[in-house]
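Quick look at final-v2.txt (compact mmCIF, C-alpha atoms):
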# COMPACT_ATOMS: atom_id res chain seq x y z
CA MET A 100 114.67 101.93 150.14
CA ILE A 101 116.70 104.70 148.53
CA ASN A 102 117.18 105.21 144.84
CA ALA A 103 120.85 104.86 144.00
CA ASP A 104 120.26 107.35 141.18
CA SER A 105 118.03 109.96 142.84
CA SER A 106 115.95 110.54 145.93
CA ARG A 107 112.58 109.56 144.49
CA SER A 108 110.95 106.16 144.79
CA THR A 109 108.13 105.12 142.46
CA PRO A 110 105.84 102.12 142.24
CA HIS A 111 106.39 99.90 139.26
CA PRO A 112 103.97 98.12 136.90
CA TYR A 113 106.56 95.52 135.86
CA PRO A 114 106.86 91.80 136.32
CA VAL A 115 109.31 91.08 139.14
CA HIS A 116 112.23 88.68 138.65
CA TYR A 117 114.40 87.50 141.55
CA LEU A 118 118.01 87.05 140.42
CA TYR A 119 119.76 84.19 142.18
CA PRO A 120 123.55 84.09 142.68
CA GLY A 121 125.39 82.76 139.65
CA THR A 122 122.70 83.83 137.17
CA ILE A 123 122.11 86.44 134.45
CA PHE A 124 118.93 88.21 133.34
CA ALA A 125 118.35 90.46 130.31
CA HIS A 126 115.08 91.15 128.52
CA ARG A 127 113.62 93.69 126.10
CA THR A 128 110.35 93.77 128.10
CA PRO A 129 110.50 95.96 131.24
CA HIS A 130 111.11 94.08 134.48
CA GLN A 131 112.06 94.85 138.03
CA VAL A 132 114.96 92.57 138.96
CA ASN A 133 115.65 92.07 142.67
CA THR A 134 118.77 90.57 144.23
CA VAL A 135 120.67 90.57 147.51
CA LEU A 136 124.45 91.03 147.59
CA GLY A 137 127.16 90.46 150.16
CA THR A 138 130.66 89.87 148.77
CA CYS A 139 128.97 89.10 145.44
CA VAL A 140 128.73 91.76 142.74
CA ALA A 141 125.92 92.68 140.37
CA VAL A 142 126.71 94.47 137.13
CA CYS A 143 123.67 96.27 135.71
CA LEU A 144 123.93 97.06 131.99
CA TRP A 145 121.46 99.40 130.33
CA ASP A 146 121.06 100.31 126.67
CA SER A 147 120.47 104.07 126.60
CA VAL A 148 119.03 103.98 123.06
CA LEU A 149 116.84 100.85 123.08
CA ARG A 150 115.99 101.41 126.77
CA PHE A 151 116.33 97.91 128.15
CA GLY A 152 118.79 96.28 130.47
CA GLY A 153 120.33 93.22 131.98
CA ILE A 154 122.01 92.22 135.21
CA ASN A 155 124.24 89.48 136.57
CA HIS A 156 125.05 88.29 140.09
CA TYR A 157 128.40 86.57 140.49
CA LEU A 158 130.09 85.12 143.56
CA LEU A 159 133.80 84.89 142.70
CA PRO A 160 136.06 86.93 140.41
CA TYR A 161 137.76 84.25 138.27
CA TRP A 162 136.95 80.85 136.87
CA ASN A 163 140.05 78.68 137.29
CA GLY A 164 139.45 76.56 134.20
CA GLN A 165 138.24 73.54 136.18
CA GLY A 166 134.70 72.25 135.65
CA LEU A 167 132.04 74.30 133.90
CA ALA A 168 132.59 77.93 132.92
CA SER A 169 129.72 79.15 135.10
CA PRO A 170 128.32 82.69 135.47
CA LYS A 171 129.06 82.39 139.18
CA TYR A 172 132.48 83.78 138.16
CA GLY A 173 132.88 87.43 137.16
CA ASN A 174 135.17 86.76 134.19
CA ILE A 175 132.40 84.52 132.78
CA ALA A 176 129.25 86.37 133.96
CA ILE A 177 130.19 89.84 132.68
CA PRO A 178 131.08 88.80 129.09
CA ARG A 179 127.96 86.58 128.96
CA LEU A 180 125.76 89.48 130.05
CA MET A 181 127.40 91.72 127.45
CA LYS A 182 126.82 89.06 124.76
CA LYS A 183 123.18 88.72 125.79
CA MET A 184 122.72 92.50 125.48
CA ILE A 185 124.29 92.45 121.99
CA ASP A 186 122.15 89.44 121.00
CA LEU A 187 119.07 91.45 122.04
CA GLY A 188 120.09 94.28 119.69
CA SER A 189 122.36 96.56 121.70
CA HIS A 190 125.42 98.28 120.29
CA ALA A 191 128.37 98.39 122.70
CA GLY A 192 128.60 102.18 122.45
CA ASP A 193 125.03 102.57 123.76
CA ILE A 194 125.56 100.49 126.91
CA ARG A 195 125.99 102.05 130.36
CA ALA A 196 126.84 100.25 133.60
CA LYS A 197 126.16 100.40 137.33
CA LEU A 198 127.98 98.28 139.93
CA PHE A 199 126.81 97.05 143.31
CA GLY A 200 128.06 94.75 146.06
CA GLY A 201 131.55 93.62 146.94
CA LYS A 202 131.14 93.80 150.72
CA GLU A 203 134.32 93.05 152.61
CA ASN A 204 134.11 90.79 155.62
CA GLU A 205 136.13 92.12 158.56
CA GLU A 206 138.24 89.01 158.82
CA ASN A 207 139.15 89.23 155.12
CA GLU A 208 139.76 92.99 154.94
CA LYS A 209 143.52 92.68 155.33
CA GLY A 210 143.82 89.07 154.23
CA VAL A 211 144.69 87.56 150.89
CA PHE A 212 141.16 86.50 149.95
CA ARG A 213 139.55 89.95 149.57
CA ILE A 214 136.66 88.35 147.66
CA GLY A 215 134.50 91.49 147.64
CA SER A 216 137.16 93.87 146.35
CA ARG A 217 138.43 91.34 143.80
CA ASN A 218 134.86 90.91 142.52
CA VAL A 219 134.61 94.68 142.06
CA GLU A 220 138.05 94.88 140.37
CA ILE A 221 137.17 92.35 137.65
CA ALA A 222 134.00 94.31 136.79
CA GLU A 223 135.83 97.64 136.67
CA ASP A 224 138.65 96.16 134.56
CA LEU A 225 136.36 94.53 131.98
CA LEU A 226 134.07 97.55 131.68
CA ARG A 227 137.09 99.84 131.25
CA ASP A 228 138.52 97.51 128.56
CA TRP A 229 135.18 97.65 126.69
CA GLU A 230 134.92 101.44 127.21
CA ILE A 231 131.55 101.11 128.94
CA PRO A 232 130.97 104.06 131.28
CA VAL A 233 130.04 103.29 134.88
CA LEU A 234 127.33 105.81 135.77
CA SER A 235 127.08 104.94 139.45
CA SER A 236 128.18 102.36 141.96
CA SER A 237 127.85 101.31 145.57
CA VAL A 238 130.65 98.86 146.29
CA GLY A 239 132.80 97.70 149.19
CA GLY A 240 132.33 98.55 152.82
CA PRO A 241 131.01 96.45 155.68
CA LYS A 242 127.33 96.09 154.64
CA GLY A 243 125.44 93.95 152.16
CA ARG A 244 122.88 95.43 149.80
CA LYS A 245 119.47 94.67 148.36
CA ILE A 246 118.93 96.17 144.92
CA LEU A 247 115.92 96.59 142.66
CA PHE A 248 116.85 97.22 139.01
CA HIS A 249 114.27 98.65 136.58
CA THR A 250 115.41 97.34 133.23
CA ASP A 251 113.61 99.95 131.09
CA THR A 252 114.93 103.07 132.86
CA GLY A 253 118.23 101.80 134.25
CA GLU A 254 117.20 103.01 137.73
CA VAL A 255 118.50 101.05 140.69
CA PHE A 256 116.94 101.26 144.14
CA LEU A 257 119.31 100.33 146.94
CA LYS A 258 118.88 99.30 150.57
CA TYR A 259 121.84 98.62 152.87
CA LEU A 260 121.51 95.52 155.01
CA ALA A 261 122.34 95.41 158.69
CA GLY A 262 125.72 94.14 159.85
Encoding of this model in structure tokens:
Amino acid sequence: MINADSSRSTPHPYPVHYLYPGTIFAHRTPHQVNTVLGTCVAVCLWDSVLRFGGINHYLLPYWNGQGLASPKYGNIAIPRLMKKMIDLGSHAGDIRAKLFGGKENEENEKGVFRIGSRNVEIAEDLLRDWEIPVLSSSVGGPKGRKILFHTDTGEVFLKYLAG
């Protein structure tokens, strides 16, 4: 597993939380949050002053207004994660972001669906609107990703998945 932020890999003393698709996690206590991404996107937010973070994992870019406004949609998951960070004491100006996922399936690459790239676009648009800097990202391309997010340091360890 490579560190998306540097070349070192360190063991962690944290509780481990597996983040399922369509969910959000943020906590003031250090955790390692693991998730696996294909066309889905994870936005990792980290408070550089209070030194804690949160992450979401959404499947589709936009909620169409039908049914529940679920965090399985980017335009719901990203604002909810931001709100959770603020509720835990963050100030918007102290928050930094990292983006992962958005794999494109070959059959969709030139098609109208483009789920992966549309998932990435909604994250980039919202973060730009909120003036939250994106420190690093690994998005698009033909491979899925497994990520491990350390909420107290903001470090993300990344492994590309086969095929």
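The residue that comes closest to A:Val140, out of A:Leu198, A:Ile177, A:Val233, A:Leu257 and on the basis of only C-alpha atoms, is A:Leu198.
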Nearest candidate to A:Ile185 (options A:Phe248, A:Tyr119, A:Phe151, A:Tyr113; using only C-alpha atoms): A:Phe151
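Checking A:Leu260, A:Ile231, A:Leu118, A:Ala168 one by one against A:Asn133, counting only C-alpha atoms, you find the shortest gap at A:Leu118.
The residue set within 7 Å of A:His126, counting all atoms listed in the file and dropping same-chain residues fewer than 2 places from it, reads Phe124, Thr128, Phe151, Gly152 and Gly153 of chain A.
Picture a line from atom CA of A:Ile123 to atom CA of A:Ala141; it runs 9.4 Å.
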Give the padded box for stretch 246-258 of chain A as lines of an AutoDock Vina configuration file: axis-aligned, covering all atoms listed in the file, 5 Å on each side, centre and edge lengths in Å to one decimal.
center_x = 116.5
center_y = 99.6
center_z = 140.8
size_x = 15.7
size_y = 16.9
size_z = 29.5
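Closest approach to A:Thr138 among A:Ile214, A:Ala196, A:Val238, A:Ile221: A:Ile214, based on only C-alpha atoms.
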